[in-house]
Structure formats: structure tokens, C-alpha cells
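Before any comments, here is the structure.
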Amino acid sequence: MKFVFDHNTWWEVEDNRVYNPDGGGYKYLNKDLPVVEAEDWNSLDWSCLLDKKSRVGWIAPDGTWFGCNPKNHDKVAQRFFKTTEEKMEQKGWIKVYRSWLTHTRDWYVKGMVVTKAQADTLFSQGFIVDDYQIKED
């Protein structure tokens with residue numbers, strides 16, 4: 001299979017069109033993009049969805065930050081981590097997102113209890129975490 005990276009994601013090349021993994025596509029006009037051959041979608045390097053400078057993303061239980069585009073939490077979960085948002089949340093990952101209602105950043109974790117490492121990352125991102133929200137080791 002042949003792929004190109006364009007508009008912050010991978011696209012499968014078929015004749016004069018490209019298709020994303022969700023089935024959307026467009027006429028392939030930018031022939032200057034390098035073509036990558038891969039066995040399938042899962043063989044591609046999806047780290048392209050990550051952005052360390054982003055102010056939204058995922059925080060692992062060990063406190064590691066995985067920034068992403070505000071609309072890509074689900075894609076990062078599915079394509080980079082090979083799981084679902086729900087399963088990540090069940091395993092204690094924190095989703096840092098931008099509220100479309102208030103246009104402010106907020107965070108969510110199942111049970112609203114975080115590890116000390118996650119709390120440190122949240123603090124570094126400018127969030128306030130109350131002591132009762134931090135798990136005892």
C-alpha cells in the first residue's frame with residue numbers, strides 16, 4: 001500500500017485520490033509529497049499525531065505528557081496507542097482538553113483521582129489539583 005503524509009495525517013494513495021483511515025478522501029494534487037510504502041495502516045508511524053507543544057493531550061499515569069491537536073484525542077488513542085479513549089481513561093490516563101463551551105482548558109480522569117506524577121504534570125501545565133485528588137502511593 002502507498003501512503004502520503006498531508007494535513008497532519010496519513011492518506012492512502014489510490015490513482016489520483018487519497019483516502020484517510022476513516023474513509024474521507026480528496027483529489028490528490030500535491031504530487032511533491034514523498035510516498036511511503038507500508039503493509040497497512042497499523043504499520044505507519046502515527047507519532048505524527050503528537051505535538052509536545054500542544055496545550056491539550058493525554059497524561060500517562062507516570063506523568064508523561066502526550067500533546068495533540070484539540071480534535072485528535074480519539075485518533076491518538078486509536079492509532080498511536082492502539083486502544084480507545086474509554087480504555088485509556090479506565091487505566092487512569094488524564095485527558096486534557098479545551099472546552100468548546102467555555103473555551104478554557106480542563107482535564108478529566110475516571111474517578112477524578114490522579115497519581116503524584118500526573119499531579120506534577122498538571123501543575124506544570126497551570127492546573128490546580130487538590131490534595132484529595134492525588135492517590136496515596
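Lettering and numbering for the C-alpha cells are positional, with chains as A, B, ... in the shown order, residues counted from 1 in each chain, and ligands counted from 1 in the shown order.
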For this session: Would you mind listing what lies within 12 Å of Arg79 of chain A as JSON, numbers by chain, with only C-alpha atoms counted and same-chain residues fewer than 5 positions away left out?
Result: {"A": [9, 10, 21, 22, 41, 42, 43, 44, 45, 46, 47, 48, 49, 50, 72, 73, 74, 84, 85]}
Grab the residues selected above and save them as an mmCIF file, in the first residue's frame with C-alpha atoms.
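New file out.cif:
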```
data_model
loop_
_atom_site.group_PDB
_atom_site.id
_atom_site.type_symbol
_atom_site.label_atom_id
_atom_site.label_comp_id
_atom_site.auth_asym_id
_atom_site.auth_seq_id
_atom_site.Cartn_x
_atom_site.Cartn_y
_atom_site.Cartn_z
ATOM 1 C CA THR A 9 -2.346 12.735 8.987
ATOM 2 C CA TRP A 10 -1.637 9.753 6.740
ATOM 3 C CA PRO A 21 -8.446 5.744 7.574
ATOM 4 C CA ASP A 22 -11.991 6.985 8.204
ATOM 5 C CA TRP A 41 -2.469 1.488 8.279
ATOM 6 C CA ASN A 42 -1.159 -0.043 11.526
ATOM 7 C CA SER A 43 2.368 -0.220 10.089
ATOM 8 C CA LEU A 44 2.598 3.578 9.774
ATOM 9 C CA ASP A 45 4.337 5.795 12.315
ATOM 10 C CA TRP A 46 1.443 7.639 13.970
ATOM 11 C CA SER A 47 3.681 9.762 16.204
ATOM 12 C CA CYS A 48 2.847 12.485 13.676
ATOM 13 C CA LEU A 49 -0.384 12.982 15.670
ATOM 14 C CA LEU A 50 1.606 14.062 18.745
ATOM 15 C CA ASN A 72 -7.284 14.277 17.900
ATOM 16 C CA HIS A 73 -7.665 12.637 21.339
ATOM 17 C CA ASP A 74 -9.559 9.720 19.792
ATOM 18 C CA THR A 84 -9.724 3.513 22.791
ATOM 19 C CA GLU A 85 -10.237 6.732 24.739
#
```
Gly67 of chain A: which residues within 8 Å, counting only C-alpha atoms, same-chain residues fewer than 2 positions away excluded, as a compact mmCIF listing (two decimals) with N, CA and C atoms, in the first residue's frame?
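To be explicit, this is the file written out as selection_6.txt:
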```
# COMPACT_ATOMS: atom_id res chain seq x y z
N LEU A 50 1.19 13.47 17.47
CA LEU A 50 1.61 14.06 18.75
C LEU A 50 2.25 15.43 18.53
N ASP A 51 2.06 16.30 19.52
CA ASP A 51 2.64 17.64 19.47
C ASP A 51 2.99 18.05 20.90
N LYS A 52 4.27 17.94 21.27
CA LYS A 52 4.70 18.22 22.64
C LYS A 52 4.36 19.64 23.08
N LYS A 53 4.25 20.57 22.14
CA LYS A 53 3.97 21.96 22.47
C LYS A 53 2.49 22.25 22.64
N SER A 54 1.65 21.29 22.28
CA SER A 54 0.20 21.50 22.39
C SER A 54 -0.21 21.65 23.84
N ARG A 55 -1.23 22.45 24.09
CA ARG A 55 -1.73 22.65 25.45
C ARG A 55 -2.86 21.69 25.79
N VAL A 56 -3.19 20.79 24.87
CA VAL A 56 -4.16 19.73 25.14
C VAL A 56 -3.52 18.40 24.79
N GLY A 57 -4.04 17.30 25.37
CA GLY A 57 -3.46 15.99 25.08
C GLY A 57 -3.78 14.99 26.16
N TRP A 58 -2.88 14.04 26.36
CA TRP A 58 -3.03 12.96 27.33
C TRP A 58 -1.88 12.99 28.33
N TRP A 65 3.71 13.49 29.28
CA TRP A 65 2.79 14.32 28.50
C TRP A 65 2.80 13.88 27.04
N ASN A 69 -3.42 17.63 18.81
CA ASN A 69 -4.40 18.58 18.29
C ASN A 69 -5.68 18.46 19.10
```
request  = Give me the residues within 8 Å of Arg17 of chain A as a list in words, counting only C-alpha atoms and dropping any in the same chain fewer than 6 places off.
outcome  = Gly25, Tyr26, Lys27 and Tyr28 of chain A
Selection above as a file: N, CA and C atoms, as an mmCIF file, in the first residue's frame:
```cif
data_model
loop_
_atom_site.group_PDB
_atom_site.id
_atom_site.type_symbol
_atom_site.label_atom_id
_atom_site.label_comp_id
_atom_site.auth_asym_id
_atom_site.auth_seq_id
_atom_site.Cartn_x
_atom_site.Cartn_y
_atom_site.Cartn_z
ATOM 1 N N GLY A 25 -11.787 11.392 1.643
ATOM 2 C CA GLY A 25 -10.753 11.498 0.636
ATOM 3 C C GLY A 25 -10.860 12.765 -0.174
ATOM 4 N N TYR A 26 -9.849 12.993 -1.000
ATOM 5 C CA TYR A 26 -9.861 14.139 -1.895
ATOM 6 C C TYR A 26 -8.949 13.836 -3.080
ATOM 7 N N LYS A 27 -9.078 14.669 -4.114
ATOM 8 C CA LYS A 27 -8.252 14.505 -5.295
ATOM 9 C C LYS A 27 -6.810 14.822 -4.927
ATOM 10 N N TYR A 28 -5.923 13.921 -5.259
ATOM 11 C CA TYR A 28 -4.512 14.022 -4.902
ATOM 12 C C TYR A 28 -3.808 14.963 -5.867
#
```
Restricting to only C-alpha atoms, whichever of A:Lys71, A:Glu136, A:Glu12, A:Ala60 is closest to Ser99 of chain A is A:Lys71
Coordinates-based distance that separates atom CA of Ala38 of chain A from atom CA of Asn8 of chain A (Å, one decimal):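 Between atom CA of Asn8 of chain A and atom CA of Ala38 of chain A the gap works out to 17.8 Å.
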Proximity check segment 15-96 of chain A to segment 102-126 of chain A, 8 Å, nearest pairs one decimal Å, only C-alpha atoms, as CSV:
```
residue,atom,partner,partner_atom,distance
A:Arg55,CA,A:Gln125,CA,7.7
A:Val56,CA,A:Arg105,CA,7.5
A:Ile59,CA,A:Gln118,CA,6.5
A:Ala60,CA,A:Gln118,CA,7.1
A:Pro61,CA,A:Gln118,CA,6.1
A:Asp62,CA,A:Ala117,CA,5.6
A:Gly63,CA,A:Gln118,CA,4.2
A:Thr64,CA,A:Thr121,CA,7.6
A:Trp65,CA,A:Thr121,CA,7.4
A:Glu89,CA,A:Lys110,CA,5.7
A:Gln90,CA,A:Lys110,CA,6.2
A:Gly92,CA,A:Val109,CA,6.2
A:Trp93,CA,A:Val109,CA,6.3
A:Ile94,CA,A:Val109,CA,4.7
A:Lys95,CA,A:Tyr108,CA,5.2
A:Val96,CA,A:Trp107,CA,4.3
```
Going by DSSP on the backbone, which bits of segment 41-114 of chain A are strand (DSSP E)? Write them as a PyMOL selection string, please.
chain A and resi 57-59+65-67+94-98+105-108
*What is the atom CA of Cys68 of chain A to atom CA of Lys135 of chain A distance in Å?*
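So the two atoms, atom CA of Cys68 of chain A and atom CA of Lys135 of chain A, lie 25.8 Å apart.
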